[in-house]
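A short worksheet on the structure shown next.
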Amino acid sequence: MSRGPLPEAWVQAFDGILQRGYYANNGPLVRQFEQELCRRLEVPFAVAVNSGMGAAMSALGVLAPTGPALIASDCGPWLRRSLDWYGIPAWTFESGTHLEVSVRGARQGASILITSGFVAEADRVAEVCEQAGLSWMHDVSAGLRNTPAAHIDICDLERSSLRNPAAGGCTFTRDAGLADLLRKSRSFKAGSTPEMPARRMNFKMSEAQAALGLWALDG
Amino acid sequence: MGKQRIEDLALFGGASTFQRLRPIAQLERPDRARFLAHLSRIDRRGPTPVLVPELEARLARFHDVPHVVAVSNACVGLLYLLHVAAGGKRGEVLMPAMTYAGLPHLAVWAGQTPRFCDVLEATHTLDPESVRGAITPSTTAILPVHNVNSPCEIREFEALSAESGVPLIFDAVHALGSSYAGRRVGSHGMAEVFSLHATKLLNGFEGGYVATRDGALAERLRGMRDAGDCSEPRGLDGRLNEVHAAMALSSLDDLEGVFDRNLQRFERYVRHARESEWLDVLPYRSGEAHNYEFAIHRVDPDSPLTRNQWVHLLRSEMAGAEAYYNPPLHRTAHRPQDTEMPHLPVTDELTHRFMHMPVGATVSLGDIDEIGSLVRFIEHRADEIAARMAPLSREVA
Ligand SMILES: Cc1ncc(COP(=O)(O)O)c(C=O)c1O
C-alpha cells in the first residue's frame, strides 16, 4: 500500500483534526492516545512526546542521574546519544546479566540502569535498584506488550512494532510525581521549581502523531 | 450587546465579550482537498521521505537560499546550530532577554551559558552595541531574534561576527516573509531558523527548518537529525515526519493569503487604535515586507490602567491578550545564579509597556471591532475600573 488511496481511517482522523482546529500542544488526541496506551499496557501514566529520543531525554532529565549509567549492550545508539546530551558516562554491560550488573554497578558509583527489550527477573531487578538507590530506565520499543517495570519506561513509536508513520515517543510510569514532571518537561510552559529539570525542550507530540499512533494501535 | 455599566465587565460579574478564548496564534486551517492530496503522496510503505525534500526545495526557493534542512521543530534546529557553533567549547551565547523563554534552555542543552544583552528601543531587537560590549573569548554564538515588526540589524551583526569570529545564528521564527533591505530573510549569518508550529505562519502541526548558504553545515545538520544511525556523535532525532511535511506544503500553498488576512486584521486594529486614548499599535518597519503575524499594542504610561491590568481585563472577556515578553529573561531563573544582574535599561522599560492582542485565523474582523468597542468602554471608565481593581491581587497591578 505505498501510494494507493489514503486509508479511510486517516481521512476521518484528519477531518476531525481540521474541524477541531486543534493541531499541537497536547490536544485531545494526544490525551486519548495516552489513555489508550495506559489501558492496553496496564500502566497508570503515559506521557506522549515527539520522538523516542525525546522520551529518553525527558526521562533522564526527570530521573536526574548524578553518576554514570549502566547501559545494556542491546540498547540502540539513540539511547546512548541521549546520555551524551547530559554528559552522563555510559558503562556498557552484556545484556542478560542485568541483576549482577545492577548490584555491582551501584557499588561502583553508577546511578542509573538502562535496559532494553526483555529483562529476566524484572521484579528482582526493580528491587535491587530500589535497595541500591539506582534509577531504572527501560526501553520497551522492541515489545510494547511488556508491562512496564522500570521507574520510567520509554518507547520510540517509529522503531517499535507500532511503526507510527508520523513517529513519536512515549514514557510510562507508575509514579504520579514522575508523570507530572514528565508532562511538564515536554515544553517550556511550566515555571521553574527546584524539582523541575533545569533544561526543557520542545518534545511535544502533535495531534497528527497521536492520530496515527491511535490508528497504528488498531492496526 | 455592548457594555453599559462597569458591572457588565466580566471581571465584575458580567458576561464575557466572547464565549471562547480568542487566542494569539495563527492556527490557519489548510485547504482539506489540498492537504489530503499531499498526504496521499507519502510513501507509506518505505522509510524514504518524499514530501520533506520537496518542502525543503520549495522553502529554499522561497528564501532564495541554497540549503534548507527541515527538522521536527525550531528548537531542535536552534539546538543543532548552537552545538555546532560551540565546536566542543563551553562558553556563552549572547541573546536578548526580551524574547522567547525557550532560548536559554537551548543554550544550556548545547553546553553553553546564556548571557543576556539589551534591545533597541525602536525595534525591540537585540542591540548590536550591547552585544559588542558582551563579546569575550568565551562567546560561542550570537543569537539575535528577528521580531515580527522588524528584523534585527542584520548588517551590523554580520560585521560584528566577521570582526570577532563569533558565529551568528538568527532566530527567524517570527520573520517568515519579512524582508531586510528589500531581501527576504533566510540567508543571513551562519543560518536562520524558522518554525512550522501550528500557531506560527506556516502550519505543519509541529516542525521547523534551518535555512543556510553553507552546504557543509546543511550536511552536518542532516547527520544530526538522523541520530539513530548517523555518524555525527551528537545527534538528536529531529526529522520532520512526512505527515507534518504534507501539512506544511498545504500551508505553503496559501502563504500569501495568510499574510493578506493578517494585514487586514492588523489594519483593523490600527483603525481602532486611532480612537483610543492610551493604546496604540506598534508599527511595522516601513519600506519592508512583513507577515503581520501580531498586533502588538503599547500602553501609554499615562493610562490609569497598567499594562497588566489591561491584560487581565481583556482576558477575563476571553480576548486573550498577553504581556509581550514579560518577565524579561534576565529577571528569571534563566540567569545563572552565580552571574551578576546585567544592566538592561531598555529591556526593563519596554517589558512593562506592550501587550499582544488576539490574532490569527480564529479572530474575525468583527471580533476586532468588538475588542475595539470594549477598549473604548474601558477607557471611558478607566479611573473607576482602576479603583475597583486596586484591591485585587497586587500581581495584576
Ligand atoms: C522566537 C521563537 N523562537 C523559537 C520558537 C520555537 O519554535 P518551535 O515551537 O517550532 O520549537 C518560538 C516558538 O514560539 C519562538 O517564538
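We name chains A, B, ... following the order of the C-alpha cells; residues begin at 1 in each chain, and ligands are numbered from 1 as shown.
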
**Q.** Interface, chain A side, toward chain B (9 Å; only C-alpha atoms) as number ranges by chain
**A.** A: 1-6, 11, 14-15, 18-19, 21-25, 50-54, 76-79, 81-82, 84-86, 165-167, 187-189, 192, 198-209

Q) Contacts of His343 of chain B at 9 Å or less, counting only C-alpha atoms, minus same-chain residues fewer than 5 places along, as a VMD selection string? A) chain B and resid 117 to 118 348

Since we have the selection now, will you write its residues out, keeping C-alpha atoms, as a short mmCIF file (atom, residue, chain, number, x, y, z; two decimals), in the first residue's frame?
data_model
loop_
_atom_site.label_atom_id
_atom_site.label_comp_id
_atom_site.auth_asym_id
_atom_site.auth_seq_id
_atom_site.Cartn_x
_atom_site.Cartn_y
_atom_site.Cartn_z
CA CYS B 117 22.01 41.71 26.21
CA ASP B 118 19.82 44.76 25.75
CA ASP B 348 13.44 46.74 31.69
#

Q | Close residues, segment 94-103 of chain A itself excluded, 8 Å, only C-alpha atoms, min 5 positions apart in chain, as a list in words | A | Leu70, Ala72, Ser73, Asp74, Leu113, Thr115, Val119, Ala120, Glu121, Arg124, Val125, Val128, Cys129, Ala132 and Leu134 of chain A

(Q) Report, in Å to a single decimal, how far apart atom CA of His352 of chain B and atom CA of Leu279 of chain B are. (A)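 So the two atoms, atom CA of Leu279 of chain B and atom CA of His352 of chain B, lie 13.4 Å apart.
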
Q: Enumerate the residues of segment 68-210 of chain B with a DSSP assignment of helix (DSSP H, G or I), computed from the backbone, and present them as a ChimeraX atom specification.
A: /B:74-86,103-109,128-134,154-164

Q: List every residue of segment 158-327 of chain B that DSSP, applied to the backbone of this structure, assigns to strand (DSSP E or B), and report them as a ChimeraX atom specification.
A: /B:168-171,179-180,183-184,191-195,208-212,279-281,296-299,319,322-323

Q.
My list of candidates is B:Phe194, B:Gln112, B:Arg90, B:Ile296. Which is closest to Ala273 of chain B when distances are computed with only C-alpha atoms?
A. B:Ile296

Q: Return the single residue from B:Gln4, B:Ser286, B:Ser130, B:Gln309 that is closest to Ser373 of chain B, with distances computed using only C-alpha atoms.
A: B:Gln4
